[in-house]
2 protein chains.
Amino acid sequence: MKKTVAIEKRKTFRHGDLRNALITAGLEMARVGGPDAVILRQATREAGVSPNAAYRHFANQSALLDAVRSACLSQLAAAIEDEMKKFRPGRDPQAFGRKSLRAVGMGYLGFAMREPGMFRTAFSVPPPIHSPDPAPTASMGLNPFQLLSLALDRMQESGLLKGKGREGAEYLAWSTVHGLALLVLEGPLHAMPPEMVLALGERIVVMVERGLR
Amino acid sequence: MKKTVAIEKRKTFRHGDLRNALITAGLEMARVGGPDAVILRQATREAGVSPNAAYRHFANQSALLDAVRSACLSQLAAAIEDEMKKFRPGRDPQAFGRKSLRAVGMGYLGFAMREPGMFRTAFSVPPPIHSPDPAPTASMGLNPFQLLSLALDRMQESGLLKGKGREGAEYLAWSTVHGLALLVLEGPLHAMPPEMVLALGERIVVMVERGLR
DNA sequence: GCTGTGAAGTAAACACCGTTTACATACGCT
DNA sequence: AGCGTATGTAAACGGTGTTTACTTCACAGC
């Protein structure tokens with residue numbers, strides 16, 4: 001059986017948009033098989049191009065993977081945003097803060113379960129630092145880390161988090177959800193049914209909220 | 001410069017202990033470079049044996065990696081045990097419970113920082129389930145998960161954890177520390193100085209203890 | 001003590017991967 | 001029109017996992 005609907009041989013010598021085509025192919029491979037599945041030669045094959053053509057657009061396969069990872073991070077951010085947009089400030093600031101934190105946690109975890117390959121790819125190898133993220137694709141333009149910070153800020157503003165509790169709270173909250181996601185995806189919790197995972201997720205967000213203060 | 005002190009050509013046709021030799025070589029590769037660095041051919045080379053000889057002892061490279069991962073898990077368990085052995089029951093059961101939980105968390109995190117390659121290997125691909133672990137090397141014969149359960153049991157016995165709080169607490173506590181370890185090892189917290197990581201670790205254990213109840 | 005049988009090694013090959021070097025094409029600018 | 005350069009191709013190299021066919025030798029049973 002042939003993959004990818006048959007690659008029609010293009011007529012033009014130039015591809016026209018090879019760089020994007022490679023990223024798209026890579027993204028799909030990441031979606032299906034995680035970071036180790038993004039194979040440079042395979043991407044060129046799907047783009048209907050010779051293997052080394054890729055090197056006109058990426059220094060090496062690692063650079064391609066970087067681009068794919070960036071795309072994965074964007075999708076994760078978008079998933080979190082979707083979850084956050086369900087709530088508006090309203091008249092109870094504390095409830096808004098809590099709901100924001102919950103949205104980040106569950107959006108994160110939900111994406112990990114819905115798109116394990118992309119999630120694993122997003123966090124495969126070190127993106128040097130979280131500050132200058134070159135892919136703010138999602139509509140708010142914030143990466144997952146910044147979305148979490150936003151939620152924590154809301155909690156602080158509403159008085160749910162006092163001064164000392166706010167410092168570095170990103171790291172604590174993130175660690176918690178990230179850890180659960182990975183234990184479920186590729187750790188010993190692999191066989192746990194999704195509804196139980198989500199229940200754990202709810203509980204873990206509560207634990208963070210209570211434990212941070 | 002030659003690696004591994006020069007492989008002396010053995011005189012006997014049989015190697016004698018090839019399986020273990022391959023695991024040992026693989027473990028060292030994992031230590032240095034993580035799961036992706038355990039290369040079957042390289043292992044046979046270091047054992048002074050032809051590449052396909054490995055297939056007399058392992059079905060494929062994945063099977064070799066499984067064995068190496070199992071060894072990594074054992075080392076992690078041993079590191080946690082070392083941390084736990086620093087405390088004995090004493091006359092304050094609650095303090096003992098708290099110290100036990102802290103030992104598990106910090107032992108886990110400390111190993112991750114001291115031996116990133118082994119740690120990443122230990123949790124690379126799914127060990128099907130956590131129950132029938134074929135490598136109880138550490139002296140108590142408990143795997144990391146079981147050591148955590150033990151610590152939580154102590155907290156429960158001492159009254160620090162009431163009935164409902166105890167259920168599934170393993171997953172919550174583990175997620176937290178595991179997440180921090182991975183964010184530090186291969187995530188956006190890559191550049192964080194170790195002392196700050198340890199401080200976060202202390203704080204996270206407190207958060208768990210307080211958040212669980 | 002001889003033998004034969006099966007476990008444990010070797011040799012050679014295959015397909016696939018990333019990457020490099022040398023060459024071909026055609027786009028777009030002057 | 002012509003040319004420079006960005007973008008493609010062809011062919012090759014070394015490394016990987018894996019398979020197939022052959023060789024060696026330790027040891028059990030006569």
# chains A, B, ... in the order shown; residues from 1 in each chain; ligands from 1
>>> residues_around(residues="DT9 in chain D", least_positions_apart="5", cutoff="9 Å", atoms="only C-alpha atoms (C1' of nucleotides)", output="short mmCIF file (atom, residue, chain, number, x, y, z; two decimals) with C-alpha atoms (C1' of nucleotides), in the first residue's frame")
data_model
loop_
_atom_site.label_atom_id
_atom_site.label_comp_id
_atom_site.auth_asym_id
_atom_site.auth_seq_id
_atom_site.Cartn_x
_atom_site.Cartn_y
_atom_site.Cartn_z
CA VAL A 49 12.13 16.02 -4.13
CA SER A 50 15.59 14.50 -3.87
CA ASN A 52 19.67 16.60 -0.41
CA ALA A 53 17.29 19.30 -1.59
"C1'" DC C 23 26.93 19.23 -11.36
"C1'" DA C 24 22.34 20.97 -13.65
#
>>> interface_residues(of="chain B", to="chain A", cutoff="8 Å", atoms="only C-alpha atoms", output="mmCIF file with C-alpha atoms, in the first residue's frame")
data_model
loop_
_atom_site.group_PDB
_atom_site.id
_atom_site.type_symbol
_atom_site.label_atom_id
_atom_site.label_comp_id
_atom_site.auth_asym_id
_atom_site.auth_seq_id
_atom_site.Cartn_x
_atom_site.Cartn_y
_atom_site.Cartn_z
ATOM 1 C CA PHE B 123 11.908 6.542 31.315
ATOM 2 C CA SER B 124 12.447 6.579 27.582
ATOM 3 C CA VAL B 125 9.903 4.146 26.155
ATOM 4 C CA PRO B 126 7.069 2.453 27.984
ATOM 5 C CA PRO B 127 8.019 -0.357 30.310
ATOM 6 C CA PRO B 128 4.633 -2.012 29.767
ATOM 7 C CA ILE B 129 3.443 -1.702 33.363
ATOM 8 C CA HIS B 130 5.045 -0.986 36.681
ATOM 9 C CA TYR B 171 0.666 9.404 40.937
ATOM 10 C CA LEU B 172 0.362 12.964 42.108
ATOM 11 C CA TRP B 174 5.497 11.174 41.222
ATOM 12 C CA SER B 175 4.167 13.406 38.482
ATOM 13 C CA THR B 176 5.436 16.422 40.299
ATOM 14 C CA VAL B 177 9.010 15.352 40.791
ATOM 15 C CA HIS B 178 9.236 13.612 37.445
ATOM 16 C CA GLY B 179 8.013 16.710 35.692
ATOM 17 C CA LEU B 180 10.555 18.925 37.381
ATOM 18 C CA ALA B 181 13.327 16.490 36.556
ATOM 19 C CA LEU B 182 12.413 16.425 32.892
ATOM 20 C CA LEU B 183 11.899 20.142 32.553
ATOM 21 C CA GLU B 186 15.574 18.445 28.538
ATOM 22 C CA GLY B 187 13.050 21.206 28.863
ATOM 23 C CA PRO B 188 13.023 24.951 29.162
ATOM 24 C CA LEU B 189 14.628 24.885 32.611
ATOM 25 C CA HIS B 190 17.776 23.508 31.085
ATOM 26 C CA ALA B 191 19.941 26.443 32.081
ATOM 27 C CA LEU B 200 12.638 24.118 43.737
ATOM 28 C CA ILE B 204 7.815 21.038 45.414
ATOM 29 C CA VAL B 206 6.395 20.706 50.494
ATOM 30 C CA MET B 207 3.739 21.550 47.969
ATOM 31 C CA VAL B 208 2.928 17.880 47.540
ATOM 32 C CA GLU B 209 2.787 17.244 51.244
ATOM 33 C CA ARG B 210 0.486 20.192 51.776
ATOM 34 C CA GLY B 211 -1.533 19.723 48.629
ATOM 35 C CA LEU B 212 -2.264 16.054 49.064
#
>>> select_by_dssp(residues="range 25-171 of chain B", states="helix (DSSP H, G or I)", output="PyMOL selection string")
chain B and resi 25-33+35-37+40-46+51-56+61-84+93-114+116-122+144-157+163-166+169-171
>>> interface_residues(of="chain B", to="chain D", cutoff="12 Å", atoms="only C-alpha atoms (C1' of nucleotides)", output="list in words")
Thr12, Phe13, Arg14, Gly16, Asp36, Ala37, Val38, Ile39, Leu40, Arg41, Gln42, Pro51, Asn52, Ala53, Ala54, Tyr55, Ala59, Asn60, Gln61 and Ser62 of chain B
>>> write_last_selection(atoms="N, CA and C atoms", output="mmCIF file, in the first residue's frame")
data_model
loop_
_atom_site.group_PDB
_atom_site.id
_atom_site.type_symbol
_atom_site.label_atom_id
_atom_site.label_comp_id
_atom_site.auth_asym_id
_atom_site.auth_seq_id
_atom_site.Cartn_x
_atom_site.Cartn_y
_atom_site.Cartn_z
ATOM 1 N N THR B 12 39.592 -17.285 23.244
ATOM 2 C CA THR B 12 38.538 -18.286 23.131
ATOM 3 C C THR B 12 37.517 -17.886 22.087
ATOM 4 N N PHE B 13 36.966 -18.865 21.444
ATOM 5 C CA PHE B 13 35.902 -18.610 20.470
ATOM 6 C C PHE B 13 34.674 -18.065 21.187
ATOM 7 N N ARG B 14 34.313 -18.679 22.279
ATOM 8 C CA ARG B 14 33.189 -18.193 23.074
ATOM 9 C C ARG B 14 33.619 -16.964 23.859
ATOM 10 N N GLY B 16 31.836 -15.977 26.612
ATOM 11 C CA GLY B 16 31.663 -16.424 27.982
ATOM 12 C C GLY B 16 30.542 -15.687 28.701
ATOM 13 N N ASP B 36 19.125 7.288 23.086
ATOM 14 C CA ASP B 36 19.456 7.258 21.661
ATOM 15 C C ASP B 36 20.908 6.876 21.414
ATOM 16 N N ALA B 37 21.716 6.904 22.456
ATOM 17 C CA ALA B 37 23.132 6.639 22.280
ATOM 18 C C ALA B 37 23.486 5.168 22.480
ATOM 19 N N VAL B 38 22.511 4.358 22.843
ATOM 20 C CA VAL B 38 22.848 2.947 23.005
ATOM 21 C C VAL B 38 22.706 2.245 21.661
ATOM 22 N N ILE B 39 23.872 2.082 21.051
ATOM 23 C CA ILE B 39 23.983 1.542 19.696
ATOM 24 C C ILE B 39 24.453 0.095 19.754
ATOM 25 N N LEU B 40 23.694 -0.751 19.132
ATOM 26 C CA LEU B 40 23.975 -2.180 19.186
ATOM 27 C C LEU B 40 25.363 -2.504 18.645
ATOM 28 N N ARG B 41 25.676 -2.009 17.483
ATOM 29 C CA ARG B 41 26.980 -2.328 16.878
ATOM 30 C C ARG B 41 28.134 -1.863 17.757
ATOM 31 N N GLN B 42 27.957 -0.710 18.356
ATOM 32 C CA GLN B 42 28.999 -0.184 19.223
ATOM 33 C C GLN B 42 29.203 -1.094 20.430
ATOM 34 N N PRO B 51 29.100 -7.802 14.911
ATOM 35 C CA PRO B 51 27.810 -7.147 15.168
ATOM 36 C C PRO B 51 26.664 -8.111 15.412
ATOM 37 N N ASN B 52 26.545 -9.100 14.570
ATOM 38 C CA ASN B 52 25.383 -9.974 14.666
ATOM 39 C C ASN B 52 25.440 -10.944 15.837
ATOM 40 N N ALA B 53 26.574 -11.033 16.495
ATOM 41 C CA ALA B 53 26.667 -11.904 17.669
ATOM 42 C C ALA B 53 25.632 -11.484 18.704
ATOM 43 N N ALA B 54 25.315 -10.202 18.723
ATOM 44 C CA ALA B 54 24.338 -9.698 19.695
ATOM 45 C C ALA B 54 22.996 -10.404 19.559
ATOM 46 N N TYR B 55 22.696 -10.835 18.340
ATOM 47 C CA TYR B 55 21.379 -11.432 18.096
ATOM 48 C C TYR B 55 21.240 -12.833 18.679
ATOM 49 N N ALA B 59 16.765 -10.148 20.855
ATOM 50 C CA ALA B 59 15.989 -10.266 19.622
ATOM 51 C C ALA B 59 16.324 -9.128 18.657
ATOM 52 N N ASN B 60 16.543 -7.948 19.201
ATOM 53 C CA ASN B 60 16.881 -6.794 18.384
ATOM 54 C C ASN B 60 17.419 -5.688 19.295
ATOM 55 N N GLN B 61 17.718 -4.553 18.719
ATOM 56 C CA GLN B 61 18.333 -3.497 19.524
ATOM 57 C C GLN B 61 17.368 -2.993 20.591
ATOM 58 N N SER B 62 16.102 -3.081 20.310
ATOM 59 C CA SER B 62 15.099 -2.657 21.281
ATOM 60 C C SER B 62 15.146 -3.542 22.529
#
>>> residues_around(residues="Gly33 in chain A", least_positions_apart="5", cutoff="10 Å", atoms="only C-alpha atoms (C1' of nucleotides)", output="count of residues only")
8
>>> interface_residues(of="chain C", to="chain A", cutoff="8 Å", atoms="only C-alpha atoms (C1' of nucleotides)", output="list in words")
DC17, DG18, DT25 and DA26 of chain C
>>> write_last_selection(atoms="C-alpha atoms (C1' of nucleotides)", output="PDB file, in the first residue's frame")
ATOM      1  C1'  DC C  17      19.559   6.851   7.387  1.00  0.00           C
ATOM      2  C1'  DG C  18      22.165  11.591   7.429  1.00  0.00           C
ATOM      3  C1'  DT C  25      18.540  24.101 -14.075  1.00  0.00           C
ATOM      4  C1'  DA C  26      15.877  28.097 -14.514  1.00  0.00           C
TER       5       DA C  26
END
>>> residues_around(residues="Ala103 in chain B", least_positions_apart="3", cutoff="7 Å", atoms="only C-alpha atoms (C1' of nucleotides)", output="list in words")
Ile80, Glu83, Met84, Lys99, Ser100, Met106 and Gly107 of chain B
>>> write_last_selection(atoms="C-alpha atoms", output="JSON list (two decimals), in the first residue's frame")
[["chain", "number", "residue", "atom", "x", "y", "z"],
["B", 80, "ILE", "CA", 16.42, 6.65, 46.36],
["B", 83, "GLU", "CA", 18.47, 8.73, 50.58],
["B", 84, "MET", "CA", 15.83, 6.90, 52.60],
["B", 99, "LYS", "CA", 11.32, 12.71, 55.84],
["B", 100, "SER", "CA", 10.54, 9.58, 53.89],
["B", 106, "MET", "CA", 15.10, 14.44, 46.50],
["B", 107, "GLY", "CA", 16.68, 11.07, 45.76]]
>>> atom_distance(atom1="CA of Ala77 in chain B", atom2="CA of Thr24 in chain B")
17.9 Å
>>> decode(residues="chain C", atoms="C-alpha atoms (C1' of nucleotides)", output="short mmCIF file (atom, residue, chain, number, x, y, z; two decimals), in the first residue's frame")
data_model
loop_
_atom_site.label_atom_id
_atom_site.label_comp_id
_atom_site.auth_asym_id
_atom_site.auth_seq_id
_atom_site.Cartn_x
_atom_site.Cartn_y
_atom_site.Cartn_z
"C1'" DG C 1 37.61 -41.77 23.52
"C1'" DC C 2 34.67 -40.69 19.61
"C1'" DT C 3 31.10 -38.46 17.69
"C1'" DG C 4 27.29 -35.40 16.58
"C1'" DT C 5 24.42 -31.82 17.80
"C1'" DG C 6 23.17 -27.38 19.06
"C1'" DA C 7 24.58 -22.99 21.02
"C1'" DA C 8 27.47 -19.17 20.10
"C1'" DG C 9 30.35 -16.96 17.12
"C1'" DT C 10 31.78 -14.98 12.01
"C1'" DA C 11 31.27 -13.17 7.12
"C1'" DA C 12 28.85 -10.91 3.78
"C1'" DA C 13 25.12 -8.67 2.26
"C1'" DC C 14 20.75 -5.51 2.28
"C1'" DA C 15 18.03 -1.44 3.10
"C1'" DC C 16 17.78 2.81 5.22
"C1'" DC C 17 19.56 6.85 7.39
"C1'" DG C 18 22.17 11.59 7.43
"C1'" DT C 19 25.47 14.17 4.93
"C1'" DT C 20 28.89 15.89 1.32
"C1'" DT C 21 30.62 17.02 -3.23
"C1'" DA C 22 30.01 18.02 -7.86
"C1'" DC C 23 26.93 19.23 -11.36
"C1'" DA C 24 22.34 20.97 -13.65
"C1'" DT C 25 18.54 24.10 -14.07
"C1'" DA C 26 15.88 28.10 -14.51
"C1'" DC C 27 14.31 32.65 -11.95
"C1'" DG C 28 14.86 37.20 -11.87
"C1'" DC C 29 17.69 41.21 -12.29
"C1'" DT C 30 20.36 44.46 -14.85
#
